[in-house]
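Asks: You'll find entry12.tsv just under this line, and it carries TSV, N, CA and C atoms.
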chain	number	residue	atom	x	y	z
K	25	MET	N	160.90	156.49	162.79
K	25	MET	CA	161.57	156.27	164.05
K	25	MET	C	162.89	157.04	164.02
K	26	THR	N	163.21	157.72	165.09
K	26	THR	CA	164.42	158.50	165.21
K	26	THR	C	165.49	157.71	165.94
K	27	ASN	N	166.70	157.74	165.42
K	27	ASN	CA	167.83	157.09	166.06
K	27	ASN	C	168.35	158.04	167.13
K	28	LEU	N	168.17	157.69	168.40
K	28	LEU	CA	168.56	158.55	169.50
K	28	LEU	C	170.07	158.58	169.71
K	29	PHE	N	170.76	157.63	169.14
K	29	PHE	CA	172.21	157.59	169.29
K	29	PHE	C	172.92	158.39	168.20
K	30	GLY	N	172.21	158.78	167.18
K	30	GLY	CA	172.81	159.53	166.08
K	30	GLY	C	173.64	158.65	165.16
K	31	GLU	N	174.13	159.25	164.13
K	31	GLU	CA	174.97	158.55	163.16
K	31	GLU	C	176.41	158.53	163.66
K	32	PRO	N	177.16	157.50	163.27
K	32	PRO	CA	178.59	157.55	163.56
K	32	PRO	C	179.21	158.69	162.73
K	33	PRO	N	180.38	159.14	163.13
K	33	PRO	CA	181.01	160.21	162.37
K	33	PRO	C	181.39	159.71	160.96
K	34	PRO	N	181.50	160.61	160.00
K	34	PRO	CA	181.91	160.21	158.66
K	34	PRO	C	183.29	159.55	158.69
K	35	THR	N	183.45	158.56	157.86
K	35	THR	CA	184.75	157.90	157.74
K	35	THR	C	185.49	158.52	156.57
K	36	LEU	N	186.72	158.92	156.83
K	36	LEU	CA	187.55	159.55	155.81
K	36	LEU	C	188.79	158.69	155.59
K	37	LEU	N	188.89	158.14	154.40
K	37	LEU	CA	190.03	157.30	154.07
K	37	LEU	C	191.28	158.14	153.86
K	38	PRO	N	192.44	157.56	154.11
K	38	PRO	CA	193.68	158.29	153.87
K	38	PRO	C	193.93	158.45	152.37
K	39	ASP	N	194.66	159.48	152.04
K	39	ASP	CA	195.00	159.74	150.64
K	39	ASP	C	196.27	159.00	150.27
K	40	ASP	N	196.42	158.70	149.01
K	40	ASP	CA	197.67	158.21	148.44
K	40	ASP	C	198.00	159.17	147.31
K	41	PRO	N	198.67	160.29	147.64
K	41	PRO	CA	198.87	161.34	146.64
K	41	PRO	C	199.69	160.91	145.43
K	42	ILE	N	200.61	159.98	145.61
K	42	ILE	CA	201.42	159.53	144.47
K	42	ILE	C	200.55	158.72	143.51
K	43	ALA	N	199.79	157.76	144.03
K	43	ALA	CA	198.91	156.95	143.18
K	43	ALA	C	197.86	157.83	142.51
K	44	ARG	N	197.29	158.76	143.29
K	44	ARG	CA	196.27	159.65	142.72
K	44	ARG	C	196.86	160.48	141.59
K	45	ALA	N	198.06	161.03	141.79
K	45	ALA	CA	198.70	161.85	140.75
K	45	ALA	C	198.99	161.01	139.51
K	46	ASP	N	199.44	159.77	139.70
K	46	ASP	CA	199.70	158.89	138.55
K	46	ASP	C	198.41	158.67	137.75
K	47	LEU	N	197.34	158.33	138.45
K	47	LEU	CA	196.08	158.06	137.77
K	47	LEU	C	195.55	159.31	137.08
K	48	GLU	N	195.61	160.45	137.76
K	48	GLU	CA	195.13	161.71	137.18
K	48	GLU	C	195.98	162.15	135.99
K	49	ALA	N	197.25	161.75	135.97
K	49	ALA	CA	198.13	162.10	134.86
K	49	ALA	C	197.92	161.21	133.64
K	50	GLY	N	197.06	160.20	133.77
K	50	GLY	CA	196.75	159.34	132.64
K	50	GLY	C	197.53	158.04	132.60
K	51	THR	N	198.25	157.74	133.67
K	51	THR	CA	198.95	156.45	133.73
K	51	THR	C	197.90	155.34	133.67
K	52	ASP	N	198.21	154.30	132.91
K	52	ASP	CA	197.28	153.18	132.78
K	52	ASP	C	196.93	152.67	134.18
K	53	PRO	N	195.63	152.49	134.46
K	53	PRO	CA	195.24	152.02	135.79
K	53	PRO	C	195.82	150.65	136.15
K	54	THR	N	196.17	149.83	135.15
K	54	THR	CA	196.81	148.55	135.44
K	54	THR	C	198.15	148.78	136.11
K	55	ALA	N	198.91	149.73	135.60
K	55	ALA	CA	200.21	150.06	136.18
K	55	ALA	C	200.05	150.68	137.57
K	56	VAL	N	199.03	151.51	137.73
K	56	VAL	CA	198.81	152.14	139.04
K	56	VAL	C	198.40	151.08	140.05
K	57	ALA	N	197.51	150.17	139.67
K	57	ALA	CA	197.09	149.10	140.59
K	57	ALA	C	198.26	148.19	140.95
K	58	ALA	N	199.13	147.92	139.98
K	58	ALA	CA	200.30	147.07	140.26
K	58	ALA	C	201.27	147.75	141.21
K	59	ALA	N	201.46	149.05	141.04
K	59	ALA	CA	202.39	149.79	141.89
K	59	ALA	C	201.79	150.16	143.25
K	60	HIS	N	200.46	150.30	143.28
K	60	HIS	CA	199.76	150.74	144.50
K	60	HIS	C	198.52	149.86	144.69
K	61	PRO	N	198.70	148.58	145.04
K	61	PRO	CA	197.55	147.66	145.07
K	61	PRO	C	196.46	148.00	146.07
K	62	SER	N	196.74	148.86	147.03
K	62	SER	CA	195.69	149.24	147.98
K	62	SER	C	194.92	150.47	147.52
K	63	TYR	N	195.25	151.03	146.37
K	63	TYR	CA	194.61	152.25	145.88
K	63	TYR	C	193.34	151.88	145.11
K	64	ALA	N	192.21	152.02	145.77
K	64	ALA	CA	190.93	151.57	145.22
K	64	ALA	C	190.54	152.29	143.94
K	65	ALA	N	190.95	153.53	143.78
K	65	ALA	CA	190.56	154.27	142.57
K	65	ALA	C	191.13	153.61	141.32
K	66	ALA	N	192.31	152.99	141.42
K	66	ALA	CA	192.87	152.29	140.26
K	66	ALA	C	192.01	151.08	139.91
K	67	TRP	N	191.57	150.34	140.94
K	67	TRP	CA	190.71	149.18	140.71
K	67	TRP	C	189.35	149.62	140.15
K	68	ALA	N	188.85	150.73	140.64
K	68	ALA	CA	187.58	151.25	140.13
K	68	ALA	C	187.73	151.65	138.67
K	69	ALA	N	188.85	152.27	138.32
K	69	ALA	CA	189.09	152.65	136.92
K	69	ALA	C	189.16	151.41	136.03
K	70	LEU	N	189.82	150.36	136.51
K	70	LEU	CA	189.87	149.11	135.75
K	70	LEU	C	188.49	148.50	135.58
K	71	ALA	N	187.70	148.53	136.65
K	71	ALA	CA	186.33	148.00	136.58
K	71	ALA	C	185.48	148.80	135.60
K	72	ASP	N	185.58	150.13	135.68
K	72	ASP	CA	184.81	150.98	134.75
K	72	ASP	C	185.21	150.71	133.31
K	73	ARG	N	186.51	150.55	133.07
K	73	ARG	CA	187.00	150.28	131.71
K	73	ARG	C	186.47	148.93	131.22
K	74	ALA	N	186.49	147.92	132.08
K	74	ALA	CA	185.99	146.60	131.69
K	74	ALA	C	184.48	146.63	131.43
K	75	LEU	N	183.74	147.36	132.25
K	75	LEU	CA	182.30	147.50	131.98
K	75	LEU	C	182.05	148.16	130.64
K	76	ALA	N	182.80	149.21	130.35
K	76	ALA	CA	182.64	149.92	129.07
K	76	ALA	C	183.00	149.04	127.88
K	77	ALA	N	183.91	148.09	128.11
K	77	ALA	CA	184.33	147.18	127.05
K	77	ALA	C	183.42	145.96	126.94
K	78	GLY	N	182.37	145.89	127.76
K	78	GLY	CA	181.47	144.75	127.71
K	78	GLY	C	182.05	143.50	128.34
K	79	GLU	N	182.90	143.67	129.35
K	79	GLU	CA	183.54	142.55	130.04
K	79	GLU	C	183.11	142.53	131.51
K	80	PRO	N	181.88	142.13	131.78
K	80	PRO	CA	181.37	142.23	133.15
K	80	PRO	C	182.08	141.32	134.16
K	81	VAL	N	182.59	140.17	133.73
K	81	VAL	CA	183.27	139.28	134.67
K	81	VAL	C	184.59	139.92	135.12
K	82	ALA	N	185.34	140.49	134.19
K	82	ALA	CA	186.57	141.19	134.55
K	82	ALA	C	186.24	142.40	135.43
K	83	ALA	N	185.18	143.12	135.08
K	83	ALA	CA	184.77	144.28	135.88
K	83	ALA	C	184.42	143.85	137.30
K	84	TYR	N	183.74	142.75	137.42
K	84	TYR	CA	183.36	142.22	138.74
K	84	TYR	C	184.62	141.94	139.57
K	85	ALA	N	185.60	141.31	138.96
K	85	ALA	CA	186.84	140.98	139.68
K	85	ALA	C	187.59	142.24	140.10
K	86	TYR	N	187.72	143.19	139.19
K	86	TYR	CA	188.41	144.44	139.53
K	86	TYR	C	187.66	145.19	140.63
K	87	ALA	N	186.34	145.31	140.47
K	87	ALA	CA	185.54	146.05	141.44
K	87	ALA	C	185.58	145.37	142.81
K	88	ARG	N	185.51	144.06	142.84
K	88	ARG	CA	185.55	143.34	144.11
K	88	ARG	C	186.90	143.55	144.80
K	89	THR	N	187.98	143.59	144.03
K	89	THR	CA	189.30	143.85	144.61
K	89	THR	C	189.33	145.24	145.24
K	90	GLY	N	188.88	146.26	144.50
K	90	GLY	CA	188.86	147.61	145.05
K	90	GLY	C	187.96	147.72	146.26
K	91	TYR	N	186.84	147.05	146.22
K	91	TYR	CA	185.89	147.05	147.34
K	91	TYR	C	186.52	146.44	148.58
K	92	HIS	N	187.13	145.27	148.43
K	92	HIS	CA	187.71	144.60	149.60
K	92	HIS	C	188.93	145.33	150.14
K	93	ARG	N	189.76	145.87	149.25
K	93	ARG	CA	190.90	146.66	149.74
K	93	ARG	C	190.38	147.87	150.52
K	94	SER	N	189.29	148.45	150.06
K	94	SER	CA	188.69	149.61	150.74
K	94	SER	C	188.11	149.24	152.09
K	95	LEU	N	187.46	148.08	152.18
K	95	LEU	CA	186.90	147.67	153.47
K	95	LEU	C	187.99	147.58	154.53
K	96	ASP	N	189.16	147.06	154.14
K	96	ASP	CA	190.28	147.00	155.08
K	96	ASP	C	190.66	148.41	155.54
K	97	GLN	N	190.74	149.34	154.60
K	97	GLN	CA	191.11	150.72	154.94
K	97	GLN	C	190.03	151.39	155.78
K	98	LEU	N	188.76	151.15	155.45
K	98	LEU	CA	187.67	151.73	156.23
K	98	LEU	C	187.74	151.27	157.68
K	99	ARG	N	187.97	149.99	157.88
K	99	ARG	CA	188.05	149.47	159.24
K	99	ARG	C	189.23	150.08	159.99
K	100	ARG	N	190.37	150.22	159.33
K	100	ARG	CA	191.53	150.86	159.97
K	100	ARG	C	191.24	152.32	160.31
K	101	ALA	N	190.35	152.94	159.54
K	101	ALA	CA	189.99	154.35	159.79
K	101	ALA	C	188.89	154.50	160.84
K	102	GLY	N	188.46	153.39	161.44
K	102	GLY	CA	187.48	153.45	162.52
K	102	GLY	C	186.06	153.12	162.14
K	103	TRP	N	185.81	152.78	160.90
K	103	TRP	CA	184.46	152.44	160.43
K	103	TRP	C	184.03	151.14	161.10
K	104	LYS	N	182.79	151.09	161.56
K	104	LYS	CA	182.27	149.93	162.27
K	104	LYS	C	181.23	149.16	161.47
K	105	GLY	N	181.23	149.29	160.17
K	105	GLY	CA	180.30	148.55	159.34
K	105	GLY	C	179.10	149.34	158.87
K	106	HIS	N	179.00	150.60	159.30
K	106	HIS	CA	177.92	151.46	158.84
K	106	HIS	C	178.32	152.91	159.10
K	107	GLY	N	177.56	153.77	158.50
K	107	GLY	CA	177.81	155.19	158.67
K	107	GLY	C	178.29	155.84	157.38
K	108	PRO	N	178.32	157.16	157.38
K	108	PRO	CA	178.64	157.89	156.16
K	108	PRO	C	180.10	157.74	155.72
K	109	VAL	N	180.25	157.62	154.41
K	109	VAL	CA	181.56	157.61	153.76
K	109	VAL	C	181.44	158.68	152.66
K	110	PRO	N	181.69	159.94	153.00
K	110	PRO	CA	181.34	161.04	152.11
K	110	PRO	C	182.10	161.05	150.77
K	111	TRP	N	181.33	161.20	149.71
K	111	TRP	CA	181.85	161.34	148.36
K	111	TRP	C	182.76	162.57	148.25
K	112	GLN	N	182.45	163.60	148.96
K	112	GLN	CA	183.18	164.86	148.86
K	112	GLN	C	184.64	164.71	149.29
K	113	HIS	N	184.95	163.71	150.09
K	113	HIS	CA	186.34	163.44	150.49
K	113	HIS	C	186.95	162.57	149.38
K	114	VAL	N	187.79	163.16	148.56
K	114	VAL	CA	188.30	162.50	147.35
K	114	VAL	C	188.86	161.10	147.61
K	115	PRO	N	189.63	160.86	148.66
K	115	PRO	CA	190.12	159.49	148.87
K	115	PRO	C	189.03	158.44	149.07
K	116	ASN	N	187.81	158.85	149.45
K	116	ASN	CA	186.69	157.91	149.57
K	116	ASN	C	186.13	157.50	148.22
K	117	GLN	N	186.40	158.27	147.18
K	117	GLN	CA	185.76	158.02	145.90
K	117	GLN	C	186.17	156.70	145.26
K	118	GLY	N	187.37	156.23	145.51
K	118	GLY	CA	187.78	154.93	144.98
K	118	GLY	C	186.92	153.81	145.54
K	119	PHE	N	186.66	153.85	146.84
K	119	PHE	CA	185.77	152.87	147.46
K	119	PHE	C	184.38	152.96	146.87
K	120	LEU	N	183.84	154.17	146.83
K	120	LEU	CA	182.46	154.35	146.36
K	120	LEU	C	182.32	153.97	144.90
K	121	ARG	N	183.30	154.29	144.08
K	121	ARG	CA	183.27	153.90	142.67
K	121	ARG	C	183.39	152.38	142.52
K	122	SER	N	184.24	151.76	143.34
K	122	SER	CA	184.36	150.29	143.30
K	122	SER	C	183.05	149.63	143.70
K	123	LEU	N	182.42	150.15	144.74
K	123	LEU	CA	181.13	149.61	145.18
K	123	LEU	C	180.08	149.76	144.08
K	124	ASN	N	180.05	150.90	143.44
K	124	ASN	CA	179.11	151.12	142.34
K	124	ASN	C	179.38	150.16	141.19
K	125	ALA	N	180.64	150.04	140.80
K	125	ALA	CA	181.00	149.14	139.69
K	125	ALA	C	180.71	147.69	140.05
K	126	LEU	N	180.92	147.32	141.31
K	126	LEU	CA	180.60	145.96	141.73
K	126	LEU	C	179.11	145.69	141.56
K	127	GLY	N	178.28	146.64	141.92
K	127	GLY	CA	176.84	146.47	141.74
K	127	GLY	C	176.46	146.37	140.27
K	128	LEU	N	177.05	147.20	139.44
K	128	LEU	CA	176.75	147.15	138.00
K	128	LEU	C	177.21	145.83	137.39
K	129	ALA	N	178.42	145.40	137.74
K	129	ALA	CA	178.93	144.14	137.20
K	129	ALA	C	178.11	142.96	137.71
K	130	ALA	N	177.73	143.00	138.99
K	130	ALA	CA	176.89	141.93	139.54
K	130	ALA	C	175.57	141.84	138.77
K	131	ALA	N	174.97	142.97	138.50
K	131	ALA	CA	173.72	142.97	137.74
K	131	ALA	C	173.94	142.40	136.33
K	132	ALA	N	175.06	142.75	135.73
K	132	ALA	CA	175.34	142.30	134.37
K	132	ALA	C	175.54	140.79	134.28
K	133	ILE	N	175.97	140.16	135.38
K	133	ILE	CA	176.17	138.70	135.34
K	133	ILE	C	175.04	137.95	136.06
K	134	GLY	N	173.97	138.67	136.38
K	134	GLY	CA	172.79	138.03	136.95
K	134	GLY	C	172.82	137.84	138.45
K	135	GLU	N	173.74	138.47	139.14
K	135	GLU	CA	173.79	138.41	140.60
K	135	GLU	C	172.92	139.52	141.17
K	136	ASP	N	171.61	139.37	140.99
K	136	ASP	CA	170.67	140.44	141.34
K	136	ASP	C	170.66	140.78	142.82
K	137	ASP	N	170.78	139.78	143.70
K	137	ASP	CA	170.80	140.06	145.14
K	137	ASP	C	172.01	140.90	145.50
K	138	GLU	N	173.16	140.54	144.95
K	138	GLU	CA	174.37	141.32	145.24
K	138	GLU	C	174.27	142.72	144.66
K	139	ALA	N	173.72	142.84	143.48
K	139	ALA	CA	173.55	144.16	142.87
K	139	ALA	C	172.68	145.04	143.76
K	140	ALA	N	171.60	144.48	144.30
K	140	ALA	CA	170.72	145.24	145.19
K	140	ALA	C	171.43	145.62	146.48
K	141	ARG	N	172.21	144.69	147.05
K	141	ARG	CA	172.97	145.01	148.28
K	141	ARG	C	173.97	146.13	148.03
K	142	CYS	N	174.64	146.09	146.90
K	142	CYS	CA	175.62	147.12	146.57
K	142	CYS	C	174.93	148.48	146.41
K	143	ALA	N	173.79	148.50	145.74
K	143	ALA	CA	173.06	149.75	145.55
K	143	ALA	C	172.61	150.32	146.89
K	144	GLU	N	172.14	149.46	147.78
K	144	GLU	CA	171.71	149.92	149.10
K	144	GLU	C	172.90	150.43	149.92
K	145	PHE	N	173.99	149.70	149.88
K	145	PHE	CA	175.20	150.09	150.60
K	145	PHE	C	175.70	151.45	150.10
K	146	LEU	N	175.67	151.65	148.78
K	146	LEU	CA	176.10	152.92	148.21
K	146	LEU	C	175.19	154.06	148.68
K	147	ARG	N	173.87	153.84	148.62
K	147	ARG	CA	172.92	154.86	149.10
K	147	ARG	C	173.13	155.19	150.57
K	148	ASP	N	173.35	154.16	151.38
K	148	ASP	CA	173.55	154.36	152.81
K	148	ASP	C	174.87	155.06	153.11
K	149	SER	N	175.88	154.78	152.32
K	149	SER	CA	177.21	155.35	152.55
K	149	SER	C	177.30	156.80	152.09
K	150	SER	N	176.72	157.09	150.92
K	150	SER	CA	176.89	158.42	150.35
K	150	SER	C	175.84	158.72	149.28
K	151	PRO	N	174.75	159.38	149.66
K	151	PRO	CA	173.78	159.79	148.65
K	151	PRO	C	174.42	160.66	147.56
K	152	ALA	N	175.44	161.43	147.94
K	152	ALA	CA	176.13	162.27	146.94
K	152	ALA	C	176.84	161.42	145.90
K	153	ALA	N	177.35	160.25	146.30
K	153	ALA	CA	177.98	159.34	145.34
K	153	ALA	C	176.96	158.82	144.34
K	154	VAL	N	175.78	158.47	144.84
K	154	VAL	CA	174.73	158.00	143.95
K	154	VAL	C	174.42	159.07	142.90
K	155	ALA	N	174.31	160.30	143.35
K	155	ALA	CA	174.02	161.41	142.42
K	155	ALA	C	175.18	161.63	141.45
K	156	ALA	N	176.40	161.55	141.94
K	156	ALA	CA	177.57	161.80	141.09
K	156	ALA	C	177.79	160.70	140.08
K	157	LEU	N	177.55	159.45	140.49
K	157	LEU	CA	177.80	158.33	139.60
K	157	LEU	C	176.67	158.07	138.63
K	158	GLY	N	175.47	158.44	139.03
K	158	GLY	CA	174.32	158.40	138.14
K	158	GLY	C	174.02	157.10	137.47
K	159	ASP	N	174.44	156.00	138.05
K	159	ASP	CA	174.17	154.69	137.43
K	159	ASP	C	173.00	154.15	138.16
Just give me the structure of the file as structure tokens.
Replies:
Amino acid sequence: MTNLFGEPPPTLLPDDPIARADLEAGTDPTAVAAAHPSYAAAWAALADRALAAGEPVAAYAYARTGYHRSLDQLRRAGWKGHGPVPWQHVPNQGFLRSLNALGLAAAAIGEDDEAARCAEFLRDSSPAAVAALGD
């Protein structure tokens, strides 16, 4: 079936160049998240670190924080609950990484329904993110 209305335009989140520069320079993501709590990439980095350390509950909390902070930003950017959130736009990557980490952490703690919803949401938002994250 073809959608005659087409897709909504891609949603592009605003950049936070100071937070991004801090994180890229190797500043501990805990410090970046504390200084820039709306910067989803810091929360995603914390979630990824917790997953790597075998701490899925902490990863779940970090990822959920990044995910929810991102939803607020997506809505302010005009997102209506669906449509593309391109991986290629670097400021979107914090949201997409948080969503991915939330799905992985949910799976690790047995929240299979949530893990499936996160995987579907990620696929619907950005197939390129799925390919880039490879989880």
Asks: Please report the interatomic distance between atom N of Ala140 in chain K and CA of Ala125 in chain K in Å with one decimal.
Replies: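 One can read the atom N of Ala140 in chain K to CA of Ala125 in chain K distance as 11.5 Å.
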Asks: For the contact check between range 93-151 of chain K and range 68-83 of chain K, emit one row per residue of range 93-151 of chain K within 8 Å, containing the shortest atom pair and the distance in Å rounded to one decimal, counting all atoms listed in the file, chain then rising number order, as a Markdown table.
Replies:
| residue | atom | partner | partner_atom | distance |
| --- | --- | --- | --- | --- |
| K:Gln117 | C | K:Ala68 | CA | 7.6 |
| K:Gly118 | C | K:Ala68 | CA | 6.0 |
| K:Phe119 | N | K:Ala68 | CA | 7.3 |
| K:Leu120 | C | K:Ala68 | CA | 7.6 |
| K:Arg121 | C | K:Ala68 | CA | 5.0 |
| K:Ser122 | CA | K:Ala68 | CA | 4.6 |
| K:Leu123 | N | K:Ala68 | CA | 7.0 |
| K:Ala125 | C | K:Ala83 | C | 6.0 |
| K:Leu126 | CA | K:Ala83 | C | 6.2 |
| K:Leu128 | C | K:Pro80 | CA | 6.9 |
| K:Ala129 | CA | K:Pro80 | CA | 5.1 |
| K:Ala130 | N | K:Pro80 | C | 6.7 |
| K:Ala132 | C | K:Pro80 | CA | 6.1 |
| K:Ile133 | N | K:Pro80 | CA | 6.2 |
Asks: Write down as a list in words the residues of range 73-117 of chain K whose backbone DSSP state falls under alpha helix (DSSP H).
Replies: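 Secondary structure check on range 73-117 of chain K, alpha helix (DSSP H): Arg73, Ala74, Leu75, Ala76, Pro80, Val81, Ala82, Ala83, Tyr84, Ala85, Tyr86, Ala87, Arg88, Thr89, Gly90, Tyr91, His92, Arg93, Ser94, Leu95, Asp96, Gln97, Leu98, Arg99, Arg100 and Gln117 of chain K.
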Asks: Which residue out of K:Ala153, K:Ala66, K:Ala58, K:Ala45 has the minimum interatomic distance to Pro110 in chain K when all atoms listed in the file are used?
Replies: K:Ala153
Asks: By how many Å are atom C of Leu47 in chain K and CA of Gly90 in chain K apart?
Replies: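 Taking atom C of Leu47 in chain K as the start and CA of Gly90 in chain K as the end point, the length is 15.7 Å.
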Asks: What is the distance, in Å and to one decimal place, between CA of Pro151 in chain K and CA of Pro61 in chain K?
Replies: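 Separating CA of Pro151 in chain K from CA of Pro61 in chain K is a distance of 26.9 Å.
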